[in-house]
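Visitor: What follows is a structure written as structure tokens; I'll ask about it next.
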Amino acid sequence: MRFLLAIACIFLLVSFSAAQRLPELATPEHYTLIFTPNFTSDSFSGEETIQVRVLKPTREIVLNAAEISFQEVSIRSNGSIQPAAVTLDKEKEMATLSVEHALQPGPASIVIQFTGTLNGDLRGFYLGKDEQGRKYAATQFEATDARRAFPSFDEPAYKATFDITLVADQGLTAISNGKAISDEAGPAGKHTVHFATTAKMSSYLVAMAVGRFEYVEGSAEGVPIRVYSPPGKKELGRFALQASQECLRYFDRYFGIKYPYGKLDLIGLPDFSAGAMENTGLITFREALLLLDENHASVGLKKEVAEIISHEIAHQWFGDLVTMQWWEDIWLNEGFATWMESKPVAAWKPEWNIPLDDVLDTAGTLSEDSLQNTRPIRQPADTPAQIDELFDGIAYGKAAAVLRMLEAYLGPEDFRAGVNAYLKQHSYGNASAADFWSTLATASRKPVDVVMPTFVDQPGAPFIGVKAQCAGNSTQVTLSQKRYFYDRARFAAQSPELWQVPVCLKGGVTGGNSSQQCVLLTKAQQTFDFPGCTSWMFANAGAAGYYRSGYQPDSWQALGRNAESALTPAERILLLSDAWGSVRAGQVSVGTYLSVAENLRGERNRAVVVQLLDRLNYIGKYLVTGADKAAYAAWTRTLLGPIAKEVGWQPRSGESDEQKSLRAHLLRALGGVGEDPEALAEAHRLTEKALQDPASVDPGLAPVALSLSAKSGDTALYDQYVERLKTAKTPDAYYLYFWPLAEFSDPKLVQRTLDFALSPQVRSQDASRLVAYVIRHPQAQELAWDYVRSHWPNLEKLGGGFAAGDVVGATSSFCSLSMHDQVSEFFGSHPVPSAERTLKQSLESIQQCVDLKSQQEGNLASWLHHAGGARNGAAGR
């Protein structure tokens with residue numbers, strides 16, 4: 001499943017306190033399911049037969065069930081049929097089926113007739129509407145919501161096959177995991193669609209959709225592929241179809257296992273809580289992350305759509321074919337898919353430089369993992385609330401980054417051999433983390449089973465301290481390790497964690513050349529001999545390591561001087577990340593970071609510039625005082641102005657996608673933190689053009705221009721954005737004007753945006769994110785926070801409750817002790833159990849921001865008015 005993690009959201013459901021594992025009384029082997037949705041009453045009826053194997057003599061069988069009404073239940077065993085009494089435990093979401101005479105070990109059949117509600121919570125079997133108000137029914141079952149559609153053994157280890165039948169109104173399309181093998185008229189006013197028996201799979205992967213849908217189709221490797229959409233949008237699926245074909249071909253070759261599910265359908269749904277969901281043979285998407293106008297979509301959106309498609313198709317092997325034994329190993333699903341998603345896209349579109357985005361992702365994940373309130377990759381979880389909170393940046397980003405490091409350590413071919421052996425050994429079954437790394441250890445003959453547990457079972461990331469001393473014709477490199485924290489006091493102390501870290505060193509030797517050496521750091525401190533006498537040493541050669549590096553003051557200077565000429569773009573991204581990490585931990589001054597940035601003034605690589613701009617924006621937002629704002633803006637213009645002048649604001653014929661993306665990032669930075677009059681004038685000009693004719697503006701520049709203009713925008717401009725929303729014909733055109741509403745600063749317009757978010761005009765999946773974006777807007781923050789507290793009951797119930805996680809995560813953008821206390825007090829009396837860790841992380845982030853501000857505000861002012869000021873003056877002359 002692909003969640004939208006950009007705003008630190010955890011999609012929430014309902015909270016529970018007790019452990020909720022099914023007793024081991026029986027195991028399912030096959031389900032026969034018939035569903036009849038009713039769009040008049042917004043309900044459904046179901047008929048179910050579960051063929052099970054009873055494991056021990058018992059008078060009861062326990063299933064998962066929630067919001068289901070049981071009509072009739074019986075159990076057939078040993079040639080006899082017994083009616084079963086049903087006892088519901090709503091808290092544990094279980095139904096106990098009790099019979100008079102004990103069932104004996106062996107085969108049995110459970111027959112159930114039931115009804116349920118097509119809910120509006122975007123989970124289970126739920127109700128959605130397209131833009132014309134036409135109803136449809138669709139499913140979202142991960143992690144624990146199959147039980148809301150049918151009584152089931154709703155745990156991942158209980159794999160079974162499924163025969164599914166949908167009885168739909170005439171004129172409606174019915175889709176499920178398997179191919180439709182028959183479509184018969186009747187009963188009256190309806191048609192009945194039978195689907196092929198599925199492969200063996202977990203209950204959370206069952207999927208259904210009933211409604212008015214159209215499709216475009218193609219194939220790859222003999223597998224038919226369809227991309228479904230609401231009526232009138234099927235041509236927007238052409239890009240997704242092409243991406244799906246490319247990804248399926250790539251995975252077939254890489255894994256050496258043919259796509260296992262017969263057909264591949266992808267469907268874009270207007271109402272959908274997550275980003276996408278990897279149901280076998282029927283992948284469901286939020287329509288904005290599947291359907292796009294290829295002629296007018298930005299490079300960034302095309303990348304996002306392609307990688308989400310790749311992520312979900314990768315799941316057909318990682319997660320579907322081989323499924324984790326229990327949710328504590330969800331990283332085996334999500335980490336693998338995140339690690340794998342970039343590979344086919346990079347092969348298809350090498351000009352996008354996707355591997356550098358992977359490095360940016362690693363740098364971002366290291367930030368989340370720098371908190372005391374992070375978690376290990378493998379985290380115990382028993383209740384639905386605990387399970388839902390596992391779908392975070394650690395399961396996705398950190399697990400993927402660790403896998404990239406492991407791939408580099410073993411070598412791509414040995415790693416691939418181990419992965420493929422793992423898939424073949426556990427196909428159509430379940431596996432654990434130990435299964436994975438023991439297979440890789442055997443394939444590679446390296447201590448994977450020793451290295452991986454240190455990264456999977458411990459929280460946080462290692463900090464590798466580097467000291468290099470030239471000794472004759474070699475350099476003695478002393479590496480030390482300890483856990484990295486943003487918290488300066490914790491970082492200064494010695495933490496108990498110890499990792500087995502594959503470290504690759506890169507050093508500058510005589511003649512301006514460089515050489516590399518890889519070692520395995522297994523102790524708190526070790527010394528290694530590096531060939532040649534080096535003038536500088538970088539401790540993450542290849543940028544594949546999942547750790548932070550720290551250096552002596554003179555080493556930072558040497559690395560900065562040599563970064564452009566001796567380090568690759570990927571290495572320069574991590575150099576900037578490490579320099580900022582040393583600032584956050586109190587090891588160096590913010591001036592050291594800015595000096596490293598100045599040494600990259602010739603940088604033209606899009607990904608490196610993005611890494612730099614993210615930190616410059618943070619500094620401008622939190623560390624610059626009112627008195628220093630003009631000086632910092634001037635320094636930013638001095639640093640970025642020459643790059644912008646070279647790139648230009650006007651797109652050029654034949655320029656690369658990377659150049660287009662770089663231009664957009666520069667416009668955002670110079671128009672924002674740089675307060676550059678020319679950039680702002682260009683943003684306003686582009687906004688006027690976009691409002692007249694969106695197609696006349698580069699699709700990458702348009703959202704940036706609209707956001708910058710909104711910051712100083714008035715009611716007239718706001719009204720124009722709203723009108724554009726009403727006439728948008730495609731999802732990307734709609735969101736082009738939707739998200740900038742969060743950027744307006746006028747308090748009356750901020751209030752309008754917040755009211756709009758909670759109105760029926762905004763889909764529940766978007767409402768919480770829009771509110772969260774307003775919370776992150778510095779000029780609107782306090783007003784938005786007051787609004788959240790006064791409208792909490794409405795926010796809390798949006799989309800079944802997932803909105804709460806967006807809001808809790810957004811409070812991490814606060815940076816004052818008073819706001820910290822307000823957040824703590826409010827959520828203390830309005831708990832969100834599924835976001836307990838998110839709340840702790842937000843509170844810690846606020847504290848660390850306050851600490852950093854107190855520590856570095858003065859250093860920044862001093863640097864700006866001395867080193868930075870001198871440079872600005874020189875530039876002016």
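Going by the structure tokens order, chains are called A, B, ..., each with residues numbered from 1, while ligands are numbered from 1 in the order shown.
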For range 417-430 of chain A, work out the shell of residues within 7 Å, counting only C-alpha atoms and skipping chain neighbours fewer than 6 positions away, then give it as a list of chain:residue names.
Guide: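 So the residues in contact are A:Ala157, A:Lys200, A:Met201, A:Phe255, A:Leu321, A:Val322, A:Thr323, A:Met324, A:Gln325, A:Phe436, A:Thr439, A:Leu440, A:Ala443.
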Visitor: Keeping N, CA and C atoms for every residue in the selection just given, could you write it to a file as an mmCIF file, in the first residue's frame?
Guide:
```
data_model
loop_
_atom_site.group_PDB
_atom_site.id
_atom_site.type_symbol
_atom_site.label_atom_id
_atom_site.label_comp_id
_atom_site.auth_asym_id
_atom_site.auth_seq_id
_atom_site.Cartn_x
_atom_site.Cartn_y
_atom_site.Cartn_z
ATOM 1 N N ALA A 157 -1.444 -14.410 7.815
ATOM 2 C CA ALA A 157 -0.950 -15.785 7.699
ATOM 3 C C ALA A 157 -2.025 -16.756 7.243
ATOM 4 N N LYS A 200 -3.782 -18.370 -3.980
ATOM 5 C CA LYS A 200 -3.804 -18.357 -2.522
ATOM 6 C C LYS A 200 -3.298 -17.004 -2.041
ATOM 7 N N MET A 201 -4.084 -16.349 -1.196
ATOM 8 C CA MET A 201 -3.717 -14.993 -0.771
ATOM 9 C C MET A 201 -4.361 -14.658 0.568
ATOM 10 N N PHE A 255 12.733 -10.724 -11.374
ATOM 11 C CA PHE A 255 12.432 -11.751 -10.383
ATOM 12 C C PHE A 255 12.564 -13.168 -10.934
ATOM 13 N N LEU A 321 2.491 -12.374 -3.469
ATOM 14 C CA LEU A 321 2.993 -13.737 -3.684
ATOM 15 C C LEU A 321 3.641 -14.264 -2.405
ATOM 16 N N VAL A 322 4.483 -13.447 -1.784
ATOM 17 C CA VAL A 322 5.075 -13.760 -0.480
ATOM 18 C C VAL A 322 4.636 -12.665 0.492
ATOM 19 N N THR A 323 3.983 -13.072 1.554
ATOM 20 C CA THR A 323 3.388 -12.133 2.506
ATOM 21 C C THR A 323 4.045 -12.303 3.875
ATOM 22 N N MET A 324 4.204 -11.188 4.586
ATOM 23 C CA MET A 324 4.776 -11.287 5.933
ATOM 24 C C MET A 324 3.882 -12.160 6.805
ATOM 25 N N GLN A 325 4.489 -12.827 7.769
ATOM 26 C CA GLN A 325 3.760 -13.713 8.678
ATOM 27 C C GLN A 325 2.807 -12.916 9.553
ATOM 28 N N PHE A 436 14.131 -14.006 5.307
ATOM 29 C CA PHE A 436 14.727 -13.170 4.270
ATOM 30 C C PHE A 436 16.237 -13.096 4.393
ATOM 31 N N THR A 439 18.235 -16.309 3.778
ATOM 32 C CA THR A 439 18.337 -16.640 2.354
ATOM 33 C C THR A 439 19.414 -15.809 1.681
ATOM 34 N N LEU A 440 19.471 -14.519 2.003
ATOM 35 C CA LEU A 440 20.498 -13.669 1.404
ATOM 36 C C LEU A 440 21.889 -14.028 1.897
ATOM 37 N N ALA A 443 22.955 -16.969 -0.188
ATOM 38 C CA ALA A 443 23.235 -16.628 -1.587
ATOM 39 C C ALA A 443 24.514 -15.823 -1.733
#
```
Visitor: Could you pull out the strand (DSSP E) residues of range 165-226 of chain A from DSSP and send them as a VMD selection string?
Guide: chain A and resid 165 to 169 173 to 176 180 to 185 190 to 195 208 to 211 214 to 220 223 to 226
Visitor: Next, the residues of the selection above should be written as a PDB file, in the first residue's frame with C-alpha atoms.
Guide:
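Contents of the output file out31.pdb:
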```
ATOM      1  CA  THR A 165     -19.375 -13.334  -7.419  1.00  0.00           C
ATOM      2  CA  LEU A 166     -20.829  -9.824  -7.703  1.00  0.00           C
ATOM      3  CA  VAL A 167     -24.521  -9.198  -8.349  1.00  0.00           C
ATOM      4  CA  ALA A 168     -24.706  -5.666  -9.755  1.00  0.00           C
ATOM      5  CA  ASP A 169     -27.336  -3.367 -11.204  1.00  0.00           C
ATOM      6  CA  THR A 173     -19.315  -2.670 -14.247  1.00  0.00           C
ATOM      7  CA  ALA A 174     -18.150  -5.262 -11.715  1.00  0.00           C
ATOM      8  CA  ILE A 175     -14.437  -5.941 -11.160  1.00  0.00           C
ATOM      9  CA  SER A 176     -12.546  -8.192  -8.756  1.00  0.00           C
ATOM     10  CA  ALA A 180     -14.576 -12.396 -15.145  1.00  0.00           C
ATOM     11  CA  ILE A 181     -15.415 -15.897 -16.364  1.00  0.00           C
ATOM     12  CA  SER A 182     -19.162 -15.348 -16.825  1.00  0.00           C
ATOM     13  CA  ASP A 183     -21.623 -12.456 -16.877  1.00  0.00           C
ATOM     14  CA  GLU A 184     -25.260 -13.537 -16.756  1.00  0.00           C
ATOM     15  CA  ALA A 185     -28.495 -11.540 -16.747  1.00  0.00           C
ATOM     16  CA  LYS A 190     -29.282  -6.955 -12.249  1.00  0.00           C
ATOM     17  CA  HIS A 191     -26.510  -9.053 -13.753  1.00  0.00           C
ATOM     18  CA  THR A 192     -24.323 -11.633 -12.046  1.00  0.00           C
ATOM     19  CA  VAL A 193     -20.575 -11.708 -12.641  1.00  0.00           C
ATOM     20  CA  HIS A 194     -18.513 -14.737 -11.615  1.00  0.00           C
ATOM     21  CA  PHE A 195     -14.751 -14.348 -11.306  1.00  0.00           C
ATOM     22  CA  MET A 208     -14.055  -5.429  -5.564  1.00  0.00           C
ATOM     23  CA  ALA A 209     -15.450  -2.426  -7.409  1.00  0.00           C
ATOM     24  CA  VAL A 210     -18.971  -1.910  -8.745  1.00  0.00           C
ATOM     25  CA  GLY A 211     -19.973   1.224 -10.639  1.00  0.00           C
ATOM     26  CA  GLU A 214     -14.485   2.862 -18.517  1.00  0.00           C
ATOM     27  CA  TYR A 215     -11.068   1.534 -19.428  1.00  0.00           C
ATOM     28  CA  VAL A 216      -8.140   1.588 -21.810  1.00  0.00           C
ATOM     29  CA  GLU A 217      -6.313  -1.654 -22.296  1.00  0.00           C
ATOM     30  CA  GLY A 218      -3.087  -3.220 -23.461  1.00  0.00           C
ATOM     31  CA  SER A 219      -0.829  -6.080 -22.449  1.00  0.00           C
ATOM     32  CA  ALA A 220       2.712  -7.006 -21.444  1.00  0.00           C
ATOM     33  CA  VAL A 223      -0.796 -10.410 -19.397  1.00  0.00           C
ATOM     34  CA  PRO A 224      -3.873  -8.286 -20.250  1.00  0.00           C
ATOM     35  CA  ILE A 225      -3.752  -4.869 -18.559  1.00  0.00           C
ATOM     36  CA  ARG A 226      -6.658  -2.473 -18.115  1.00  0.00           C
TER      37      ARG A 226
END
```
Visitor: For Leu103 in chain A, find every residue with an atom within 12 Å (counting only C-alpha atoms), except residues of its own chain fewer than 4 positions away, and show them as a list in words.
Guide: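 These residues fall inside the cut-off: Leu25, Ala26, Val52, Arg53, Val54, Leu55, Lys56, Pro57, Thr58, Arg59, Glu60, Ile61, Ile75, Arg76, Ser77, Asn78, Gly79, Ser80, Ile81, Gln82, Ala84, Leu97, Ser98, Val99, Pro107, Ala108, Ser109 and Ile110 of chain A.
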Visitor: Atoms to include: C-alpha atoms. Write the selected residues as a JSON list (two decimals), in the first residue's frame.
Guide:
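As written to disk, result_29.json reads:
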```json
[["chain", "number", "residue", "atom", "x", "y", "z"],
["A", 25, "LEU", "CA", -8.80, -23.46, 16.18],
["A", 26, "ALA", "CA", -9.12, -23.70, 12.39],
["A", 52, "VAL", "CA", -11.69, -24.76, 6.73],
["A", 53, "ARG", "CA", -9.52, -27.35, 8.38],
["A", 54, "VAL", "CA", -10.36, -27.78, 12.06],
["A", 55, "LEU", "CA", -7.13, -28.17, 14.06],
["A", 56, "LYS", "CA", -8.44, -29.61, 17.34],
["A", 57, "PRO", "CA", -11.74, -30.76, 18.83],
["A", 58, "THR", "CA", -13.79, -27.63, 19.46],
["A", 59, "ARG", "CA", -17.38, -26.44, 19.87],
["A", 60, "GLU", "CA", -16.57, -23.00, 18.53],
["A", 61, "ILE", "CA", -14.77, -21.25, 15.68],
["A", 75, "ILE", "CA", -21.25, -25.44, 10.07],
["A", 76, "ARG", "CA", -20.98, -28.69, 8.10],
["A", 77, "SER", "CA", -18.56, -31.32, 9.40],
["A", 78, "ASN", "CA", -18.34, -35.11, 9.06],
["A", 79, "GLY", "CA", -21.54, -35.23, 6.99],
["A", 80, "SER", "CA", -23.71, -33.33, 9.48],
["A", 81, "ILE", "CA", -24.88, -29.72, 9.56],
["A", 82, "GLN", "CA", -25.20, -27.80, 12.81],
["A", 84, "ALA", "CA", -24.24, -21.98, 14.93],
["A", 97, "LEU", "CA", -19.59, -19.33, 16.14],
["A", 98, "SER", "CA", -20.74, -21.96, 18.66],
["A", 99, "VAL", "CA", -22.29, -25.37, 17.91],
["A", 107, "PRO", "CA", -12.33, -30.49, 6.89],
["A", 108, "ALA", "CA", -15.44, -28.43, 7.64],
["A", 109, "SER", "CA", -17.53, -25.78, 5.91],
["A", 110, "ILE", "CA", -18.90, -22.58, 7.46]]
```
Visitor: Using only C-alpha atoms, which of the listed residues (A:Val345, A:Leu594, A:Ala66, A:Ala85) sits closest to Phe125 in chain A?
Guide: A:Ala66
Visitor: Which of these residues is nearest to Asp766 in chain A, using only C-alpha atoms: A:Leu795, A:Lys689, A:Arg752, A:Ala585?
Guide: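 So, comparing all the options, the nearest one is A:Leu795.
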Visitor: From the set A:Leu639, A:Leu706, A:Ala146, A:Val762, which residue has the shortest atom-to-atom contact distance to Leu205 in chain A, counting only C-alpha atoms?
Guide: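 When distances to Leu205 in chain A are compared using only C-alpha atoms, the smallest one comes from A:Ala146.
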Visitor: Looking at A:Ala492, A:Glu29, A:Phe44, A:Ile619, which one is nearest to Thr636 in chain A, with distances taken over only C-alpha atoms?
Guide: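 When distances to Thr636 in chain A are compared using only C-alpha atoms, the smallest one comes from A:Ile619.
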